[in-house]
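So this block is my_file_2.pdb, PDB, C-alpha atoms:
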ATOM      1  CA  ASP A   1      95.830  97.077 134.590
ATOM      2  CA  LEU A   2      93.072  97.707 132.050
ATOM      3  CA  GLU A   3      89.423  97.257 132.960
ATOM      4  CA  VAL A   4      86.454  96.608 130.676
ATOM      5  CA  GLY A   5      84.839  99.957 129.825
ATOM      6  CA  GLN A   6      87.991 101.949 130.526
ATOM      7  CA  VAL A   7      88.812 104.696 128.008
ATOM      8  CA  VAL A   8      92.370 104.312 126.704
ATOM      9  CA  LYS A   9      94.513 106.112 124.163
ATOM     10  CA  GLY A  10      96.230 104.060 121.538
ATOM     11  CA  ILE A  11      98.099 104.413 118.276
ATOM     12  CA  LEU A  12      96.803 102.601 115.223
ATOM     13  CA  ARG A  13      99.552 100.347 113.890
ATOM     14  CA  GLN A  14      98.492  97.767 111.341
ATOM     15  CA  SER A  15      95.397  96.756 109.405
ATOM     16  CA  LYS A  16      94.395  93.109 109.378
ATOM     17  CA  ASP A  17      91.484  91.356 107.715
ATOM     18  CA  THR A  18      89.543  91.393 110.978
ATOM     19  CA  GLY A  19      90.456  94.865 112.236
ATOM     20  CA  GLN A  20      93.117  97.364 113.196
ATOM     21  CA  VAL A  21      95.963  96.573 115.612
ATOM     22  CA  VAL A  22      96.310  99.308 118.238
ATOM     23  CA  SER A  23      99.429  99.918 120.336
ATOM     24  CA  LEU A  24      98.464 100.743 123.906
ATOM     25  CA  GLY A  25     102.081 101.225 125.051
ATOM     26  CA  LYS A  26     104.671  99.148 126.901
ATOM     27  CA  GLU A  27     104.307  95.969 124.861
ATOM     28  CA  LEU A  28     100.518  96.002 125.189
ATOM     29  CA  SER A  29      98.356  95.873 122.088
ATOM     30  CA  GLY A  30      94.722  95.398 121.287
ATOM     31  CA  ILE A  31      92.576  94.991 118.229
ATOM     32  CA  LEU A  32      89.761  97.206 117.032
ATOM     33  CA  LEU A  33      87.572  94.842 115.049
ATOM     34  CA  TRP A  34      86.006  96.445 111.993
ATOM     35  CA  ILE A  35      82.573  95.741 113.441
ATOM     36  CA  GLU A  36      83.528  97.735 116.557
ATOM     37  CA  ALA A  37      84.692 100.635 114.368
ATOM     38  CA  ALA A  38      81.210 101.100 112.930
ATOM     39  CA  GLU A  39      77.915 102.326 114.329
ATOM     40  CA  ASP A  40      74.778 101.087 112.533
ATOM     41  CA  GLY A  41      76.909  99.757 109.694
ATOM     42  CA  LYS A  42      78.711 103.075 109.094
ATOM     43  CA  ARG A  43      82.356 103.647 109.964
ATOM     44  CA  LYS A  44      82.562 106.220 112.776
ATOM     45  CA  GLU A  45      85.944 107.692 111.853
ATOM     46  CA  SER A  46      88.788 107.143 109.454
ATOM     47  CA  PHE A  47      91.471 104.966 110.943
ATOM     48  CA  ARG A  48      95.011 105.652 109.751
ATOM     49  CA  ALA A  49      98.224 104.050 111.011
ATOM     50  CA  GLY A  50     100.263 106.255 113.332
ATOM     51  CA  VAL A  51      97.284 108.274 114.565
ATOM     52  CA  GLU A  52      96.492 108.352 118.292
ATOM     53  CA  GLN A  53      92.819 107.919 119.179
ATOM     54  CA  GLU A  54      90.610 107.051 122.134
ATOM     55  CA  PHE A  55      89.089 103.607 122.503
ATOM     56  CA  ARG A  56      87.115 101.733 125.113
ATOM     57  CA  VAL A  57      88.192  98.337 126.396
ATOM     58  CA  LEU A  58      85.541  95.856 125.300
ATOM     59  CA  ALA A  59      87.118  92.657 126.652
ATOM     60  CA  LYS A  60      90.400  91.324 127.956
ATOM     61  CA  THR A  61      91.668  88.060 126.512
ATOM     62  CA  THR A  62      94.756  85.938 126.005
ATOM     63  CA  ALA A  63      93.137  83.941 123.196
ATOM     64  CA  LEU A  64      93.970  86.405 120.407
ATOM     65  CA  GLY A  65      97.702  85.637 120.386
ATOM     66  CA  ASP A  66     100.242  87.916 118.688
ATOM     67  CA  GLY A  67     100.510  89.987 121.913
ATOM     68  CA  LEU A  68      96.926  91.220 121.536
ATOM     69  CA  ALA A  69      95.519  91.445 125.054
ATOM     70  CA  VAL A  70      92.277  93.382 124.580
ATOM     71  CA  LEU A  71      89.379  93.867 122.218
ATOM     72  CA  LEU A  72      88.649  97.571 121.678
ATOM     73  CA  THR A  73      85.649  99.567 120.514
ATOM     74  CA  VAL A  74      84.840 103.113 119.449
ATOM     75  CA  ARG A  75      81.104 102.429 119.492
ATOM     76  CA  SER A  76      78.983 104.395 121.917
ATOM     77  CA  GLY A  77      76.588 102.935 124.441
ATOM     78  CA  ASP A  78      76.428  99.663 126.279
ATOM     79  CA  LEU A  79      79.396  97.296 126.062
ATOM     80  CA  THR A  80      77.205  94.213 126.361
ATOM     81  CA  ARG A  81      77.796  91.813 123.504
ATOM     82  CA  PRO A  82      76.494  88.274 123.012
ATOM     83  CA  PRO A  83      78.255  85.865 125.424
ATOM     84  CA  SER A  84      79.998  83.960 122.641
ATOM     85  CA  MET A  85      81.490  87.101 121.062
ATOM     86  CA  VAL A  86      85.161  86.352 121.650
ATOM     87  CA  GLU A  87      84.752  82.716 120.658
ATOM     88  CA  ASP A  88      82.835  83.651 117.504
ATOM     89  CA  ILE A  89      85.286  86.380 116.521
ATOM     90  CA  LEU A  90      88.233  84.052 116.907
ATOM     91  CA  PHE A  91      86.377  81.388 114.978
ATOM     92  CA  ALA A  92      85.434  83.923 112.340
ATOM     93  CA  SER A  93      88.879  84.958 111.229
ATOM     94  CA  PRO A  94      89.178  84.790 107.439
ATOM     95  CA  GLN A  95      92.520  83.007 107.857
ATOM     96  CA  GLU A  96      90.812  80.174 109.747
ATOM     97  CA  ALA A  97      88.107  79.929 107.130
ATOM     98  CA  ALA A  98      90.746  79.689 104.413
ATOM     99  CA  THR A  99      93.132  77.300 106.151
ATOM    100  CA  LYS A 100      90.954  74.947 108.185
ATOM    101  CA  ARG A 101      88.696  72.308 106.779
ATOM    102  CA  GLN A 102      85.260  72.658 108.240
ATOM    103  CA  ASP A 103      83.201  69.648 109.205
ATOM    104  CA  LEU A 104      80.034  70.050 107.149
ATOM    105  CA  SER A 105      78.649  66.567 107.873
ATOM    106  CA  GLU A 106      75.796  68.002 109.974
ATOM    107  CA  PHE A 107      74.551  69.798 106.851
ATOM    108  CA  ALA A 108      74.305  66.579 104.808
ATOM    109  CA  GLY A 109      70.758  65.874 103.725
ATOM    110  CA  ILE A 110      69.498  69.432 104.186
ATOM    111  CA  SER A 111      67.635  70.569 101.091
ATOM    112  CA  PRO A 112      69.334  73.396  99.158
ATOM    113  CA  LYS A 113      65.963  75.183  99.352
ATOM    114  CA  THR A 114      66.077  75.250 103.168
ATOM    115  CA  TRP A 115      66.946  78.648 104.630
ATOM    116  CA  LEU A 116      69.301  78.584 107.599
ATOM    117  CA  GLU A 117      69.766  81.366 110.128
ATOM    118  CA  ALA A 118      73.268  82.828 110.334
ATOM    119  CA  THR A 119      74.738  85.253 112.868
ATOM    120  CA  VAL A 120      77.049  88.102 111.840
ATOM    121  CA  VAL A 121      80.330  87.957 113.765
ATOM    122  CA  ASN A 122      82.433  90.437 111.782
ATOM    123  CA  THR A 123      81.838  93.046 109.111
ATOM    124  CA  ALA A 124      83.748  94.970 106.465
ATOM    125  CA  VAL A 125      86.375  92.278 106.060
ATOM    126  CA  ARG A 126      88.503  93.228 103.082
ATOM    127  CA  LYS A 127      90.816  90.822 101.338
ATOM    128  CA  GLN A 128      93.052  92.189  98.584
ATOM    129  CA  SER A 129      90.905  93.148  95.606
ATOM    130  CA  LEU A 130      87.695  91.390  96.698
ATOM    131  CA  PRO A 131      84.631  93.469  97.642
ATOM    132  CA  PRO A 132      83.845  93.885 101.368
ATOM    133  CA  ARG A 133      82.459  90.803 103.095
ATOM    134  CA  VAL A 134      80.703  90.009 106.319
ATOM    135  CA  ILE A 135      81.560  86.875 108.248
ATOM    136  CA  VAL A 136      78.757  84.750 109.664
ATOM    137  CA  THR A 137      78.523  81.583 111.696
ATOM    138  CA  LEU A 138      75.748  79.063 111.367
ATOM    139  CA  THR A 139      74.759  75.710 112.783
ATOM    140  CA  ALA A 140      72.768  72.987 111.041
ATOM    141  CA  PRO A 141      69.260  72.383 112.441
ATOM    142  CA  GLY A 142      69.736  69.999 115.357
ATOM    143  CA  GLY A 143      73.493  70.277 114.984
ATOM    144  CA  SER A 144      76.097  71.416 117.461
ATOM    145  CA  LYS A 145      79.090  72.558 115.381
ATOM    146  CA  LYS A 146      79.398  76.094 114.085
ATOM    147  CA  VAL A 147      80.685  76.685 110.601
ATOM    148  CA  ILE A 148      81.849  79.937 109.112
ATOM    149  CA  GLN A 149      80.955  81.598 105.841
ATOM    150  CA  ALA A 150      81.837  84.878 104.164
ATOM    151  CA  ILE A 151      79.064  86.765 102.379
ATOM    152  CA  PHE A 152      79.717  89.679 100.059
ATOM    153  CA  GLU A 153      78.331  92.851 101.638
ATOM    154  CA  LYS A 154      76.592  93.899  98.413
ATOM    155  CA  ALA A 155      74.442  90.728  98.571
ATOM    156  CA  LEU A 156      72.861  91.861 101.854
ATOM    157  CA  PRO A 157      69.606  93.824 102.034
ATOM    158  CA  GLY A 158      71.154  96.593 104.167
ATOM    159  CA  PRO A 159      73.658  97.364 106.914
ATOM    160  CA  VAL A 160      74.359  94.669 109.499
ATOM    161  CA  SER A 161      76.106  94.687 112.845
ATOM    162  CA  PHE A 162      77.556  92.125 115.221
ATOM    163  CA  GLY A 163      74.876  89.698 116.251
ATOM    164  CA  SER A 164      72.536  90.487 113.355
ATOM    165  CA  LYS A 165      70.587  87.457 112.192
ATOM    166  CA  LEU A 166      70.443  86.711 108.492
TER     167      LEU A 166
END
The structure given in the file should be rewritten as structure tokens.
Amino acid sequence: DLEVGQVVKGILRQSKDTGQVVSLGKELSGILLWIEAAEDGKRKESFRAGVEQEFRVLAKTTALGDGLAVLLTVRSGDLTRPPSMVEDILFASPQEAATKRQDLSEFAGISPKTWLEATVVNTAVRKQSLPPRVIVTLTAPGGSKKVIQAIFEKALPGPVSFGSKL
């Protein structure tokens, strides 16, 4: 049984918009989110399918579906992430953004000149021929529902990481 923080070996299998699927053996897989493959906005290593590498277990979950049981990281240091990380990452999948209508009613009446704070929940999301994007969540002032937005990486002032505020 895997424990959070445990170092495991896995074989990179498939790239997805949100990260790399990693086979951990015996019908157990995890996902290395792109944001967990980078340190200070820079990719730590090259990740190629079929290559065995070491990872650390960041979190165990059943919410990812597709047989993905753990979130993985190659980042050094503390494994502490914001408490809503898994929820935000699941919410921040580009597929959900593209296929689900978001309730934007809480944003009605907000001036277009009003700046809202957004939180980065995934980075380096690549979709076909589009430039790299970061995925953020934001909530209207006084609102309670999170919405998701993709921002092109080149529009940002510099590197960002999970939890960065924009």
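Those residues that approach A:Gln6 to within 7 Å, counting all atoms listed in the file, are A:Leu2, A:Arg56, A:Val57; same-chain residues fewer than 4 positions away are not listed.
Minimum distance to A:Val7 across A:Ser111, A:Gln53, A:Thr80, A:Ser29 (counting only C-alpha atoms) occurs at A:Gln53.
Among A:Val136, A:Leu33, A:Val70, A:Val121, the residue with the shortest atom-to-atom distance to A:Ala150, counting all atoms listed in the file, is A:Val136.
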Q. Excluding same-chain residues fewer than 5 positions from A:Gly50, what lies within 8 Å of it counting all atoms listed in the file, as a PyMOL selection string?
A. chain A and resi 11-13
Q) atom CA of A:Ile151 and atom CA of A:Ile135, how far apart in Å? A) 6.4 Å
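Taking atom CA of A:Gly5 and atom CA of A:Leu58 as endpoints, the distance between them is 6.1 Å.
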Q) What separation in Å, quoted to one decimal, exists between atom CA of A:Gly10 and atom CA of A:Ser164? A) 28.5 Å
Q | Resolved residues for the PyMOL selection byres ((chain A and resi 73-78) around 6) as a PyMOL selection string | A | chain A and resi 32+36-37+55-56+72+79-80
Q: Scan for residues within 9 Å of the point (79.0, 93.4, 100.2) in the coordinates of the file, using all atoms listed in the file, and reply as a list of chain:residue names.
A: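 Protein, DNA and RNA residues close to (79.0, 93.4, 100.2): A:Ala124, A:Pro131, A:Pro132, A:Arg133, A:Val134, A:Ile151, A:Phe152, A:Glu153, A:Lys154, A:Ala155, A:Leu156.
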Q: Considering all atoms listed in the file, state which residue in the set A:Gln14, A:Val8, A:Pro159, A:Lys165 is at the smallest distance from A:Arg48.
A: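 Closest candidate: A:Gln14.
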Q: Could you give me, as a list in words, the residues that sit within 8 Å of (70.8, 70.9, 107.8) in the file's coordinates, counting all atoms listed in the file?
A: Glu106, Phe107, Ala108, Gly109, Ile110, Ser111, Thr114, Leu116, Thr139, Ala140, Pro141, Gly142 and Gly143 of chain A
Q: Quick one: everything within 9 Å of A:Thr137, counting all atoms listed in the file, minus sequence neighbours fewer than 2 positions away in the same chain. Send it as an NGL selection string.
A: :A and (88 or 91-92 or 117-121 or 135 or 139 or 146-150)
